Structures are given as structure tokens and as C-alpha cells.
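What follows is the content of data13.cif, which has mmCIF, C-alpha atoms:
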```
data_work
loop_
_atom_site.label_atom_id
_atom_site.label_comp_id
_atom_site.auth_asym_id
_atom_site.auth_seq_id
_atom_site.Cartn_x
_atom_site.Cartn_y
_atom_site.Cartn_z
CA MET W 200 73.55 -48.71 57.99
CA ALA W 201 70.03 -49.78 58.81
CA THR W 202 67.27 -47.40 57.73
CA THR W 203 66.12 -47.19 61.35
CA THR W 204 68.67 -45.57 63.65
CA PRO W 205 69.21 -47.73 66.74
CA ASP W 206 68.85 -46.29 70.22
CA LEU W 207 72.28 -46.71 71.79
CA GLU W 208 71.75 -44.45 74.79
CA ARG W 209 71.63 -47.39 77.20
CA ALA W 210 74.48 -49.22 75.47
CA SER W 211 77.92 -49.36 77.07
CA ALA W 212 80.80 -47.51 75.49
CA GLN W 213 82.21 -50.84 74.30
CA ASP W 214 78.93 -51.75 72.63
CA VAL W 215 78.67 -48.37 70.91
CA LEU W 216 82.19 -48.80 69.52
CA ALA W 217 81.46 -52.38 68.47
CA TYR W 218 78.36 -51.15 66.65
CA GLY W 219 80.43 -48.53 64.86
CA VAL W 220 83.08 -51.01 63.79
CA GLU W 221 80.48 -53.53 62.63
CA HIS W 222 78.53 -51.05 60.53
CA PHE W 223 81.14 -48.56 59.30
CA HIS W 224 84.65 -50.07 59.34
CA PRO W 225 86.89 -49.52 57.40
CA ARG W 226 85.26 -46.15 56.65
CA LEU W 227 85.31 -45.25 60.33
CA LYS W 228 87.86 -43.01 62.03
CA THR W 229 88.44 -42.02 65.64
CA ALA W 230 89.62 -38.55 66.61
CA CYS W 231 92.57 -38.72 68.98
CA SER W 232 94.08 -35.92 71.06
CA PHE W 233 95.82 -38.27 73.53
CA GLN W 234 93.70 -37.28 76.52
CA LYS W 235 92.03 -39.59 79.04
CA GLU W 236 89.04 -40.08 76.77
CA GLU W 237 91.15 -41.23 73.85
CA THR W 238 93.13 -43.55 76.11
CA VAL W 239 89.88 -45.33 76.98
CA LEU W 240 88.69 -45.41 73.37
CA ALA W 241 92.02 -46.66 72.04
CA HIS W 242 92.09 -49.43 74.62
CA MET W 243 88.58 -50.55 73.66
CA LEU W 244 89.25 -50.31 69.94
CA SER W 245 92.46 -52.33 70.23
CA GLU W 246 90.38 -55.14 71.73
CA ILE W 247 87.64 -54.90 69.08
CA THR W 248 89.90 -54.67 66.01
CA PRO W 249 93.62 -54.00 65.55
CA GLU W 250 92.72 -52.39 62.22
CA ALA W 251 90.89 -49.47 63.83
CA LYS W 252 91.80 -46.11 62.30
CA LEU W 253 92.68 -43.12 64.46
CA PHE W 254 93.73 -39.64 63.43
CA THR W 255 95.28 -36.71 65.25
CA ILE W 256 95.42 -33.08 64.20
CA ASP W 257 98.96 -31.86 64.86
CA THR W 258 99.05 -28.10 65.35
CA GLY W 259 102.80 -28.07 65.87
CA VAL W 260 102.35 -26.52 69.32
CA LEU W 261 101.59 -29.61 71.37
CA PHE W 262 102.92 -29.93 74.90
CA PRO W 263 106.03 -32.12 75.29
CA GLU W 264 103.93 -34.35 77.54
CA THR W 265 101.44 -34.80 74.73
CA LEU W 266 104.17 -35.81 72.31
CA ALA W 267 105.50 -38.32 74.85
CA THR W 268 102.00 -39.71 75.32
CA TRP W 269 101.62 -40.00 71.55
CA LYS W 270 104.67 -42.25 71.49
CA ARG W 271 103.29 -44.37 74.34
CA PHE W 272 99.98 -44.72 72.51
CA GLU W 273 101.70 -46.18 69.47
CA GLU W 274 103.78 -48.53 71.60
CA ARG W 275 100.92 -49.64 73.84
CA PHE W 276 98.00 -50.05 71.43
CA GLY W 277 99.63 -50.76 68.08
CA LEU W 278 96.91 -48.81 66.27
CA ASP W 279 97.44 -46.83 63.10
CA ILE W 280 97.36 -43.08 63.85
CA GLU W 281 97.01 -40.84 60.81
CA VAL W 282 98.67 -37.44 61.27
CA ILE W 283 96.91 -34.38 59.88
CA ASP W 284 99.35 -31.47 59.67
CA ALA W 285 97.71 -28.26 60.86
CA SER W 286 100.92 -26.48 61.88
CA SER W 287 101.42 -22.79 61.23
CA THR W 288 103.08 -21.70 58.01
CA GLY W 289 104.73 -18.68 59.56
CA ALA W 290 102.00 -16.87 61.45
CA PRO W 291 102.11 -17.02 65.24
CA TRP W 292 99.56 -19.32 66.85
CA THR W 293 96.60 -17.63 68.51
CA LYS W 294 93.26 -18.92 69.73
CA ASP W 295 91.72 -17.84 66.44
CA ASN W 296 94.54 -19.18 64.25
CA CYS W 297 95.13 -22.55 65.89
CA CYS W 298 91.86 -23.22 67.71
CA GLY W 299 89.67 -22.36 64.79
CA GLN W 300 89.81 -22.77 61.04
CA ALA W 301 93.14 -24.61 61.01
CA LYS W 302 91.72 -27.42 63.13
CA VAL W 303 88.44 -27.43 61.24
CA ASP W 304 90.27 -27.71 57.92
CA GLY W 305 92.34 -30.53 59.38
CA LEU W 306 89.18 -32.33 60.47
CA GLU W 307 87.64 -32.04 57.02
CA GLN W 308 90.77 -33.59 55.55
CA ALA W 309 90.72 -36.43 58.07
CA LEU W 310 87.06 -37.23 57.48
CA SER W 311 87.18 -37.18 53.71
CA GLY W 312 85.59 -40.36 52.41
CA VAL W 313 84.47 -41.78 55.77
CA GLU W 314 80.96 -42.83 56.78
CA ALA W 315 81.32 -42.17 60.50
CA TRP W 316 83.70 -40.88 63.12
CA VAL W 317 84.23 -41.47 66.83
CA THR W 318 84.89 -38.77 69.41
CA GLY W 319 85.71 -38.65 73.11
CA ILE W 320 82.96 -36.13 73.87
CA ARG W 321 81.37 -36.35 77.31
CA ARG W 322 78.24 -34.40 78.21
CA GLU W 323 79.65 -33.04 81.46
CA GLN W 324 82.59 -31.37 79.71
CA SER W 325 80.74 -28.21 78.70
CA PRO W 326 77.26 -26.81 78.00
CA THR W 327 77.90 -27.10 74.28
CA ARG W 328 78.27 -30.88 74.69
CA ALA W 329 75.46 -31.49 77.18
CA ASP W 330 73.00 -32.73 74.55
CA SER W 331 75.39 -35.06 72.72
CA SER W 332 73.98 -38.49 71.86
CA LYS W 333 75.98 -41.68 71.71
CA LEU W 334 74.99 -41.98 68.05
CA GLU W 335 73.99 -38.90 66.11
CA ARG W 336 73.98 -37.54 62.60
CA ASP W 337 76.74 -35.09 61.74
CA SER W 338 74.52 -33.15 59.38
CA LYS W 339 77.26 -30.66 58.54
CA ARG W 340 79.30 -33.43 56.92
CA GLY W 341 76.57 -35.91 56.04
CA ILE W 342 78.11 -38.71 58.11
CA TRP W 343 77.48 -40.41 61.45
CA LYS W 344 79.11 -39.39 64.71
CA LEU W 345 79.60 -41.75 67.63
CA ASN W 346 80.23 -40.45 71.15
CA PRO W 347 80.60 -43.68 73.15
CA LEU W 348 81.70 -41.91 76.35
CA ALA W 349 78.95 -39.29 76.30
CA GLY W 350 77.26 -40.48 79.47
CA LEU W 351 80.38 -40.93 81.61
CA ASP W 352 81.48 -38.47 84.25
CA ARG W 353 85.13 -37.93 85.09
CA GLN W 354 85.13 -40.65 87.74
CA GLY W 355 83.37 -43.14 85.49
CA LEU W 356 85.85 -42.50 82.71
CA CYS W 357 88.59 -44.43 84.47
CA GLY W 358 86.35 -46.68 86.53
CA PRO W 359 84.92 -50.14 85.92
CA THR W 360 82.35 -48.77 83.46
CA SER W 361 85.08 -47.91 80.98
CA SER W 362 86.96 -51.21 81.26
CA ASN W 363 90.06 -49.03 81.12
CA THR W 364 93.23 -50.57 82.45
CA THR W 365 95.61 -48.14 80.80
CA CYS W 366 95.26 -44.89 82.75
CA PRO W 367 99.06 -44.63 83.21
CA THR W 368 99.22 -44.02 79.47
CA THR W 369 97.03 -40.94 79.85
CA ASN W 370 98.40 -37.56 78.89
CA CYS W 371 100.40 -36.07 81.74
CA THR W 372 98.86 -32.67 81.05
CA THR W 373 95.48 -34.17 81.90
CA THR W 374 96.49 -35.89 85.11
CA ALA W 375 98.53 -32.92 86.29
CA THR W 376 97.42 -29.29 85.92
CA ILE W 377 97.04 -28.55 82.22
CA PRO W 378 94.07 -30.40 80.72
CA SER W 379 94.64 -29.55 77.08
CA VAL W 380 96.84 -30.39 74.13
CA CYS W 381 98.03 -27.04 72.70
CA ALA W 382 100.40 -24.81 74.63
CA PRO W 383 99.69 -21.22 73.48
CA CYS W 384 96.08 -20.98 74.66
CA THR W 385 96.13 -23.10 77.82
CA LEU W 386 96.66 -22.26 81.47
CA PRO W 387 96.48 -24.57 84.49
CA GLY W 388 92.89 -25.30 85.47
CA SER W 389 90.37 -27.93 86.43
CA GLY W 390 88.81 -30.02 83.69
CA ARG W 391 88.57 -27.89 80.56
CA ASP W 392 88.76 -24.64 82.53
CA GLY W 393 92.34 -23.98 81.49
CA ARG W 394 91.47 -23.78 77.81
CA TRP W 395 91.18 -20.22 76.47
CA ALA W 396 91.33 -18.92 80.05
CA GLY W 397 89.77 -15.49 80.44
CA ASP W 398 87.84 -15.84 77.19
CA ASP W 399 84.30 -16.95 76.45
CA LYS W 400 85.54 -19.41 73.83
CA THR W 401 84.54 -23.03 74.65
CA GLU W 402 85.11 -24.95 71.41
CA CYS W 403 87.81 -24.90 68.73
CA GLY W 404 85.19 -25.46 66.04
CA ILE W 405 85.59 -29.19 65.46
CA HIS W 406 82.41 -30.07 67.34
CA LEU W 407 80.32 -27.09 66.26
#
```

Now that the file is in, can you turn its structure into C-alpha cells?
Amino acid sequence: MATTTPDLERASAQDVLAYGVEHFHPRLKTACSFQKEETVLAHMLSEITPEAKLFTIDTGVLFPETLATWKRFEERFGLDIEVIDASSTGAPWTKDNCCGQAKVDGLEQALSGVEAWVTGIRREQSPTRADSSKLERDSKRGIWKLNPLAGLDRQGLCGPTSSNTTCPTTNCTTTATIPSVCAPCTLPGSGRDGRWAGDDKTECGIHL
């Protein structure tokens, strides 16, 4: 990577991804939870390089719709998706068990040995994500973090800006009433509102 960090804030999502692939591949991985954001990213990555690396953290309590979408991802994009097993070893899943250290540990495993990772973070998703840059330093892990979709709102995510032609592949739980990927801690809601409903929790720990 160049000693001077480039300003990618005005760059399109495609250009941010292309920059990441050019400078970090093959030590670049993309987090994938099979939501709308990852549909857009996977579509773009498949056009940039078929050798793009994605990973998903499997808690073992994913919605059936998410599992079906996972299958469609593999069929549609032909990208390699590494599976990080974060399933319970006997304890019941709770918001603290699943949406906490188990996912964080899974992330650390996925990012071992990489120079950068790509996320589907968008600033409008929550206050904790409002200051996210399209390219930033993940100081906790000593690697780079790319958030190509950071500046997109929900409408822009599937509009011309995203160059996304694969919205039908999107997770049914996103397009219907449950915008999440793990069943125990999710209720129907708008956007991310259904996650940890009735609790002040806003992040599982992966992006903290």
C-alpha cells in the first residue's frame, strides 16, 4: 500500500473495491452475511475478479431464508465463500452468546493473515456507523478496512449507483419483514430495528 492513504470518499463503490483488489488481493477478504449489501458487493467483485475471497460466520441459527440465499449466492456468483463455524457447543444462543464474543472470535479467525477486509457497512444503518469512511484503518487488528457502500442510502443500494442487477438474489429476510441473519435475537422490524428488539444493543461486536 502506498505510504499516503488515498481519499476514496468521492469514489464509487466499484472503484473502492477495485482499489482494494489491486492493492491487497489475495490477502483481501469480504465479510458476507447474505444481505442486500453483500449481494451488491458480491456482484461487483464477481466482475472485478472471480478469485475474490468471501467469508461468512455461521452461528448455526441462521434463518432458512438465509441458508437458501447462501445457496443462490454460490450458484449465481461462483465466488469462494469460506465458512467460519461459530455455532454453539451446547449452550443456548442468546444475544450475549451469539451476538458477541462468538462472532468476534470467528472474525479474528477469518481475518488471520489478511491485509484488508471489505464490509457492507452503510452510514445510515446506525449511529455507530455514521462516521465510517470508505477506506479506514482497522487499528484493532492492524489492517485496512474498506466500506465501499458507506455513502449509499437504502434506495441507492439497489439503484443505478450500485450497478446491482441481482436484487432477486437478496436475502428474503431483508426484503420481507426480518432484516437480520440470526433467528434467536430478531423480530420483524424496519431496517435494523428488528435486531435485539427491546434492548439497547446495536452491534454484535464485529464492527466495534

When you look at Ala230 (chain W) with a cut-off of 10 Å (counting only C-alpha atoms), what residues show up, excluding the ones that are within fewer than 6 positions of it in the same chain? I need them as a compact mmCIF listing (two decimals) with C-alpha atoms, keeping the file's coordinate frame.
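The file below, out-v9.txt, is the result:
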```txt
# COMPACT_ATOMS: atom_id res chain seq x y z
CA GLU W 237 91.15 -41.23 73.85
CA LEU W 240 88.69 -45.41 73.37
CA LYS W 252 91.80 -46.11 62.30
CA LEU W 253 92.68 -43.12 64.46
CA PHE W 254 93.73 -39.64 63.43
CA THR W 255 95.28 -36.71 65.25
CA ILE W 256 95.42 -33.08 64.20
CA ILE W 280 97.36 -43.08 63.85
CA GLU W 281 97.01 -40.84 60.81
CA LEU W 306 89.18 -32.33 60.47
CA ALA W 309 90.72 -36.43 58.07
CA LEU W 310 87.06 -37.23 57.48
CA TRP W 316 83.70 -40.88 63.12
CA VAL W 317 84.23 -41.47 66.83
CA THR W 318 84.89 -38.77 69.41
CA GLY W 319 85.71 -38.65 73.11
```

| What is the distance, in Å and to one decimal place, between CA of Phe276 (chain W) and CA of Thr238 (chain W)? | 9.4 Å

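Our summary of the geometry notes that CA of Arg226 (chain W) is positioned 5.4 Å from CA of Glu314 (chain W).
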
| said: Would you compute the distance between CA of Pro326 (chain W) and CA of Ala349 (chain W)? Give it in Å to one decimal. | reply: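 A separation of 12.7 Å between them.
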
| message | Residues near Arg321 (chain W), anyone? I mean within 10 Å using all atoms listed in the file, not counting same-chain ones fewer than 6 positions away, as an MDAnalysis selection string. | response | chainID W and resid 236 328:333 346:353 356

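In terms of minimum interatomic distance to Tyr218 (chain W), W:Lys344 ranks closest within W:Lys344, W:Gln354, W:Trp269, W:Val260, counting all atoms listed in the file.
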
| task | Just give me the residues with any atom within 12 Å of (83.8, -48.8, 55.9), file coordinates, counting all atoms listed in the file, written as a PyMOL selection string. | result | chain W and resi 200+219-228+250-252+312-316+342-343

| field | Pick from W:Gln213, W:Leu278, W:Glu208, W:Ile320 nearest to Gln234 (chain W), counting only C-alpha atoms | value | W:Ile320
